[in-house]
There are 2 protein chains.
Amino acid sequence: MASQGWLKLHSERVESALDRLLDSPQTIPHRLHEAMRYAARGGGKRIRPLLVYAAGQLGKSSSADQEQMLDAAAVAVECIHAYSLVHDDMPCMDDDDLRRGRPTVHKAFDEATALLVGDALQTRAFEVLATAPGDANQRLKMIACLAAASGSRGMAGGQAIDLESVGKKLDLPGLKQMHAMKTGALLSCAVELGGIAANLNAEQLAKLDQYSKALGLAFQIVDDVLDATADSQTLGKTAGKDAAANKPTYVTLMGLDYAQQQAKELQEIAMSSLDGFGIQAQALKDLALLVVNRGK
Amino acid sequence: MASQGWLKLHSERVESALDRLLDSPQTIPHRLHEAMRYAARGGGKRIRPLLVYAAGQLGKSSSADQEQMLDAAAVAVECIHAYSLVHDDMPCMDDDDLRRGRPTVHKAFDEATALLVGDALQTRAFEVLATAPGDANQRLKMIACLAAASGSRGMAGGQAIDLESVGKKLDLPGLKQMHAMKTGALLSCAVELGGIAANLNAEQLAKLDQYSKALGLAFQIVDDVLDATADSQTLGKTAGKDAAANKPTYVTLMGLDYAQQQAKELQEIAMSSLDGFGIQAQALKDLALLVVNRGK
């Protein structure tokens, strides 16, 4: 890929922004802040914050305030993602012991701490956006976008539908709606946050929306493919869980070959949505490739 | 009390705002939205939203936008409070079956739903403020205030300290810090949200802060007194839990008589902080009386 340099630079920028914008473990209560860092700084591909930065460079110009807004948005979206993983792994949800190759938060600490870590990471996401420098209306738009994507009509709602679907036969449209809420909404939001910070116009945001919707669906299909084909060590989490839980997946509904083909087609739709942006969209294109070819 | 009329009017206003600003159970996912309403609309004294409205009438004038900002703030602070109760009641935290005289959310629904209900109520709190009409800077200040009060340096942090303190001997300063974070911060925030919406100046906000800090401490002392003296039916939740868990309380640390006397003194401090505001502060004064004399 052309932009390994961009990826490296911005992966480091994500880590640095997280380090700066999360409370230090020296802040009281120490253990909670330590656990929040454990949850948010334990690696992972950082796809969502990278999408923020990649979309954020589509604007005409950039100011110091905009760059700080991008950092805030990158941290906010990653805090929301990290909180959802912590709660998702808890015994009353997926009951998972392993995440990114390490013990999950309720295993490394305890259940009550995991609950509070997720709660407080969510709060921190909104706080970071509310206290960042930059235009007030842009930041309010970002907060509204993040809340809509992660709340009961977005990510949390998708998780509720996912829970209800265990053992049931969700059809393909039902599965798509569930994933659009559970995973797609936050991925789209990451792209939109970058677009808001970059002050893009409505037409440009609509193109970005087309990109991120295709990417989000491809992301989930690849997730299901990996769950069906990879081992736990490669995944860094327990593999084969969906099949074991009798959950419907794209692989069980469409078959492995068709699922893989669909992911490729969606990747192409995502790429062509960016045609009007020129060379500045290279990072978004690279991320689309990264998402579809990940874990291999 | 002089303003039973005010209380009745604004209690109804809270319920109506909650009804309007929470998603309908007809919205997908139905069960999650039903459970969110169960959690947030199950009664309670609504002290926090009432504090928002009471502080909100201290300004010189009021516009339609300001009134809608007050509704948003009232709903937001109650959503945060409701989410904290739902998570607090879960088996990995206090493991409580009864709340406001009804089964707790994880009993009436299930644990996974309770987890998501709390998560999504928190999200909704920030969303409501981000999408309300009114001045963008005021709303950002409100969001920052609510996040600071409820996150890891506020309410969630206080809960973490509370968990760590079971079986330990917290001294009085330690107990005060824990409660200032766990309960006091959100009560103070409710008052401040009203003050921000009313466009009060820094001097006025400082007086309000003195009021709300005294009120917050009094609130918790009364809570401990009630836990030690009332029965579960009067409380609408399980009584005597703190003593049973060997948790330090104001009553165990100061004795019942001194605790009751302290609550009275704090109430007087709260009242006198409002002297400069005149008749417009009557509702805040009445709420201070209500807090200290509640549950009898």
# chains A, B, ... in the order shown; residues from 1 in each chain; ligands from 1

call {"tool": "interface_residues", "arguments": {"of": "chain B", "to": "chain A", "cutoff": "9 Å", "atoms": "only C-alpha atoms", "output": "PyMOL selection string"}}
result
chain B and resi 23+27-29+31-33+84+87+91-93+110-113+115-131+136-137+139-148+150-153+156-161+163

call {"tool": "select_by_dssp", "arguments": {"residues": "segment 21-195 of chain B", "states": "alpha helix (DSSP H)", "output": "ChimeraX atom specification"}}
result
/B:21,30-40,47-56,64-88,105-108,111-131,136-150,155-165,172-179,185-195

call {"tool": "residues_around", "arguments": {"residues": "Met69 of chain A", "least_positions_apart": "2", "cutoff": "10 Å", "atoms": "only C-alpha atoms", "output": "PyMOL selection string"}}
result
chain A and resi 56+63-67+71-75+128-129+131-135+138-139+142+193-194+196-198

call {"tool": "atom_distance", "arguments": {"atom1": "atom CA of Glu78 of chain A", "atom2": "atom CA of Val52 of chain A"}}
result
10.1 Å

call {"tool": "atom_distance", "arguments": {"atom1": "atom CA of His10 of chain A", "atom2": "atom CA of Ala54 of chain A"}}
result
8.9 Å

call {"tool": "closest_residue", "arguments": {"among": "A:Val225, A:Ala108, A:Ala206, A:Leu21", "to": "Gly276 of chain A", "atoms": "only C-alpha atoms"}}
result
A:Ala206

call {"tool": "residues_around", "arguments": {"residues": "Asp209 of chain A", "least_positions_apart": "3", "cutoff": "8 Å", "atoms": "only C-alpha atoms", "output": "tab-separated table (two decimals) with N, CA and C atoms, in the first residue's frame"}}
result
chain	number	residue	atom	x	y	z
A	188	SER	N	-19.62	4.49	10.59
A	188	SER	CA	-20.07	5.64	9.80
A	188	SER	C	-19.86	6.93	10.56
A	191	VAL	N	-16.30	8.26	10.39
A	191	VAL	CA	-16.05	8.96	9.13
A	191	VAL	C	-16.72	10.34	9.14
A	192	GLU	N	-17.96	10.37	9.65
A	192	GLU	CA	-18.71	11.64	9.68
A	192	GLU	C	-18.04	12.66	10.61
A	205	LEU	N	-20.47	15.12	2.37
A	205	LEU	CA	-20.83	14.23	3.48
A	205	LEU	C	-21.68	13.06	2.99
A	206	ALA	N	-22.52	13.30	1.98
A	206	ALA	CA	-23.35	12.22	1.44
A	206	ALA	C	-22.47	11.16	0.78
A	212	SER	N	-18.98	4.93	3.94
A	212	SER	CA	-18.91	4.30	5.26
A	212	SER	C	-19.99	3.23	5.44
A	213	LYS	N	-21.12	3.39	4.76
A	213	LYS	CA	-22.16	2.35	4.85
A	213	LYS	C	-21.66	1.05	4.19

call {"tool": "residues_around", "arguments": {"residues": "Asp19 of chain B", "least_positions_apart": "6", "cutoff": "10 Å", "atoms": "only C-alpha atoms", "output": "PyMOL selection string"}}
result
chain B and resi 13+37+40-41+75

call {"tool": "residues_around", "arguments": {"residues": "Ala288 of chain B", "least_positions_apart": "6", "cutoff": "10 Å", "atoms": "only C-alpha atoms", "output": "MDAnalysis selection string"}}
result
chainID B and resid 47 51 211:212 214:216 218:219 266:268 270:271 282 294

call {"tool": "select_by_dssp", "arguments": {"residues": "segment 74-280 of chain A", "states": "strand (DSSP E or B)", "output": "NGL selection string"}}
result
:A and (98-99 or 102-103)

call {"tool": "residues_around", "arguments": {"residues": "Gln220 of chain B", "least_positions_apart": "6", "cutoff": "10 Å", "atoms": "only C-alpha atoms", "output": "mmCIF file with N, CA, C and O atoms, in the first residue's frame"}}
result
data_model
loop_
_atom_site.group_PDB
_atom_site.id
_atom_site.type_symbol
_atom_site.label_atom_id
_atom_site.label_comp_id
_atom_site.auth_asym_id
_atom_site.auth_seq_id
_atom_site.Cartn_x
_atom_site.Cartn_y
_atom_site.Cartn_z
ATOM 1 N N LYS B 176 -16.551 11.581 53.141
ATOM 2 C CA LYS B 176 -17.061 12.806 52.511
ATOM 3 C C LYS B 176 -16.624 12.895 51.053
ATOM 4 O O LYS B 176 -17.405 13.264 50.181
ATOM 5 N N HIS B 179 -18.689 10.430 48.957
ATOM 6 C CA HIS B 179 -20.063 10.881 48.695
ATOM 7 C C HIS B 179 -20.112 12.140 47.837
ATOM 8 O O HIS B 179 -21.051 12.324 47.055
ATOM 9 N N ALA B 180 -19.108 13.015 48.003
ATOM 10 C CA ALA B 180 -19.078 14.222 47.164
ATOM 11 C C ALA B 180 -19.019 13.817 45.704
ATOM 12 O O ALA B 180 -19.638 14.441 44.837
ATOM 13 N N LYS B 182 -19.826 10.528 44.514
ATOM 14 C CA LYS B 182 -20.867 9.561 44.147
ATOM 15 C C LYS B 182 -22.254 10.206 44.017
ATOM 16 O O LYS B 182 -23.024 9.850 43.131
ATOM 17 N N THR B 183 -22.579 11.093 44.937
ATOM 18 C CA THR B 183 -23.920 11.688 44.948
ATOM 19 C C THR B 183 -23.875 13.197 44.774
ATOM 20 O O THR B 183 -24.684 13.770 44.062
ATOM 21 N N GLY B 184 -22.921 13.827 45.455
ATOM 22 C CA GLY B 184 -22.890 15.285 45.483
ATOM 23 C C GLY B 184 -22.666 15.905 44.117
ATOM 24 O O GLY B 184 -23.302 16.905 43.760
ATOM 25 N N LEU B 226 -31.787 7.472 57.019
ATOM 26 C CA LEU B 226 -32.954 6.687 56.607
ATOM 27 C C LEU B 226 -32.596 5.209 56.504
ATOM 28 O O LEU B 226 -33.381 4.340 56.909
ATOM 29 N N THR B 249 -20.813 4.563 57.148
ATOM 30 C CA THR B 249 -21.836 5.572 56.848
ATOM 31 C C THR B 249 -21.665 6.725 57.828
ATOM 32 O O THR B 249 -20.932 6.614 58.805
ATOM 33 N N TYR B 250 -22.353 7.828 57.553
ATOM 34 C CA TYR B 250 -22.293 8.956 58.490
ATOM 35 C C TYR B 250 -22.826 8.550 59.852
ATOM 36 O O TYR B 250 -22.353 9.011 60.881
ATOM 37 N N ALA B 263 -27.169 17.354 59.380
ATOM 38 C CA ALA B 263 -28.056 17.527 58.227
ATOM 39 C C ALA B 263 -28.822 18.845 58.350
ATOM 40 O O ALA B 263 -28.977 19.600 57.380
ATOM 41 N N VAL B 291 -35.408 17.821 50.750
ATOM 42 C CA VAL B 291 -34.317 16.844 50.793
ATOM 43 C C VAL B 291 -34.037 16.406 52.234
ATOM 44 O O VAL B 291 -33.890 15.219 52.518
ATOM 45 N N VAL B 292 -33.985 17.382 53.138
ATOM 46 C CA VAL B 292 -33.596 17.039 54.516
ATOM 47 C C VAL B 292 -34.737 16.368 55.274
ATOM 48 O O VAL B 292 -34.511 15.538 56.149
#

call {"tool": "closest_residue", "arguments": {"among": "A:Gly167, A:Gly195, A:Gly174, A:Gly42", "to": "Gly101 of chain A", "atoms": "only C-alpha atoms"}}
result
A:Gly42
